[in-house]
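Chemist: Here you go, one structure.
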Amino acid sequence: MSQPKPIVRFDTAGIVRRVHKAAEDAMPEITKKIQEDCNDLAPFRSGTLVSTSNINTDAGELKSEIKWIEPYSNYVYKGVSKSGKDLNYNKHPHTEAGSHWCKRAKKLHFSEWVKMVDKCIKEHFRNGS
């Protein structure tokens with residue numbers, strides 16, 4: 001008589017749910033850090049552009065966006081004035097101020113952001129959440 005083949009099952013959906021929950025819990029902290037890193041590279045003549053950046057988050061859907069809501073935000077981000085001329089940026093107090101601050105922040109800080117997500121997920125699992 002032959003032996004029945006052993007069956008081993010592992011609930012991967014449970015792991016995915018826990019990772020999703022960990023990411024959901026971590027989203028506000030990580031999004032705030034991304035906002036800060038982007039704002040450190042944004043132009044800062046009077047501070048209005050940076051101070052009016054805001055975060056919109058739907059943690060349940062794992063969606064988050066940062067908006068700079070001043071009417072001039074778009075052309076300052078692109079580095080071109082309304083008349084089509086290249087902009088020159090004041091480097092005080094942000095010595096790295098310039099156009100495309102989000103892309104530059106991502107290039108500089110992406111590995112940091114990934115480490116933050118990794119740390120949050122590990123802590124979530126360690127705490128048995």
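Residues are named by chain letter and number: chains run A, B, ... in the order of the structure tokens, numbers start at 1 in each chain, and ligands are numbered from 1 in the order shown.
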For A:Ile55, please output as a list in words all residues within 12 Å (counting only C-alpha atoms; exclusion window: fewer than 6 positions along the same chain).
Modeler: Met27, Pro28, Glu29, Ile30, Thr31, Lys32, Lys33, Ile34, Gln35, Glu36, Lys63, Ser64, Glu65, Ile66, Lys67, Trp68 and Ile69 of chain A
Chemist: Please provide as a PyMOL selection string all residues within 8 Å of A:Val117, with the sequence filter that same-chain residues fewer than 4 positions apart are discarded (counting only C-alpha atoms).
Modeler: chain A and resi 23+26+30+113+121
Chemist: Would you save the residues from that selection as a PDB file, in the first residue's frame, using C-alpha atoms?
Modeler:
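Full text of out_6.pdb as output:
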ATOM      1  CA  ALA A  23       2.227  49.700   4.968  1.00  0.00           C
ATOM      2  CA  ALA A  26       3.493  53.435   8.070  1.00  0.00           C
ATOM      3  CA  ILE A  30       6.809  57.966   5.387  1.00  0.00           C
ATOM      4  CA  TRP A 113      12.491  55.857   2.091  1.00  0.00           C
ATOM      5  CA  ILE A 121       6.991  46.388   8.178  1.00  0.00           C
TER       6      ILE A 121
END
Chemist: So that I can check the secondary structure, give me every residue of chain A assigned helix (DSSP H, G or I) by backbone DSSP, as a ChimeraX atom specification.
Modeler: /A:12-39,48-51,59-61,73-78,101-126
Chemist: Deliver the residues from the most recent selection as a file, using C-alpha atoms, as a compact mmCIF listing (two decimals), in the first residue's frame.
Modeler:
# COMPACT_ATOMS: atom_id res chain seq x y z
CA THR A 12 0.14 33.60 1.83
CA ALA A 13 -2.98 35.77 1.84
CA GLY A 14 -2.53 36.24 5.58
CA ILE A 15 1.01 37.50 5.03
CA VAL A 16 -0.14 39.86 2.31
CA ARG A 17 -2.88 41.24 4.61
CA ARG A 18 -0.31 41.87 7.35
CA VAL A 19 2.12 43.59 4.97
CA HIS A 20 -0.74 45.74 3.63
CA LYS A 21 -1.73 46.70 7.19
CA ALA A 22 1.89 47.51 8.06
CA ALA A 23 2.23 49.70 4.97
CA GLU A 24 -1.08 51.39 5.77
CA ASP A 25 0.11 52.16 9.32
CA ALA A 26 3.49 53.44 8.07
CA MET A 27 2.13 55.63 5.29
CA PRO A 28 1.63 58.89 7.26
CA GLU A 29 5.18 58.86 8.68
CA ILE A 30 6.81 57.97 5.39
CA THR A 31 4.75 60.47 3.39
CA LYS A 32 5.69 63.22 5.86
CA LYS A 33 9.38 62.35 5.44
CA ILE A 34 9.05 62.45 1.65
CA GLN A 35 7.33 65.85 1.90
CA GLU A 36 10.15 67.19 4.10
CA ASP A 37 12.84 65.89 1.74
CA CYS A 38 11.09 67.42 -1.27
CA ASN A 39 10.53 70.74 0.50
CA THR A 48 4.91 80.26 0.92
CA LEU A 49 5.48 77.48 -1.62
CA VAL A 50 6.84 75.10 1.02
CA SER A 51 4.35 76.05 3.72
CA ALA A 59 -4.16 54.74 3.59
CA GLY A 60 -6.73 52.02 2.99
CA GLU A 61 -5.97 52.19 -0.71
CA SER A 73 3.83 75.94 -8.26
CA ASN A 74 3.73 74.25 -11.64
CA TYR A 75 5.94 76.66 -13.53
CA VAL A 76 8.37 76.97 -10.62
CA TYR A 77 8.57 73.16 -10.51
CA LYS A 78 9.29 73.00 -14.25
CA TRP A 101 12.51 69.11 -6.51
CA CYS A 102 10.50 65.88 -6.17
CA LYS A 103 12.52 64.04 -8.80
CA ARG A 104 15.74 65.24 -7.21
CA ALA A 105 14.56 64.27 -3.71
CA LYS A 106 13.70 60.79 -4.99
CA LYS A 107 17.15 60.44 -6.53
CA LEU A 108 18.80 61.54 -3.27
CA HIS A 109 16.56 59.83 -0.70
CA PHE A 110 14.83 56.84 -2.32
CA SER A 111 16.97 54.25 -0.52
CA GLU A 112 16.22 56.01 2.81
CA TRP A 113 12.49 55.86 2.09
CA VAL A 114 12.70 52.16 1.25
CA LYS A 115 14.57 51.52 4.51
CA MET A 116 11.82 53.34 6.42
CA VAL A 117 9.16 51.13 4.82
CA ASP A 118 11.21 48.02 5.55
CA LYS A 119 11.70 49.05 9.18
CA CYS A 120 7.98 49.76 9.64
CA ILE A 121 6.99 46.39 8.18
CA LYS A 122 9.53 44.54 10.33
CA GLU A 123 8.35 46.34 13.47
CA HIS A 124 4.75 45.56 12.60
CA PHE A 125 5.53 41.85 12.33
CA ARG A 126 7.74 41.86 15.43
Chemist: In Å, how far is it from atom CA of A:Glu96 to atom CA of A:Ser83?
Modeler: 24.2 Å
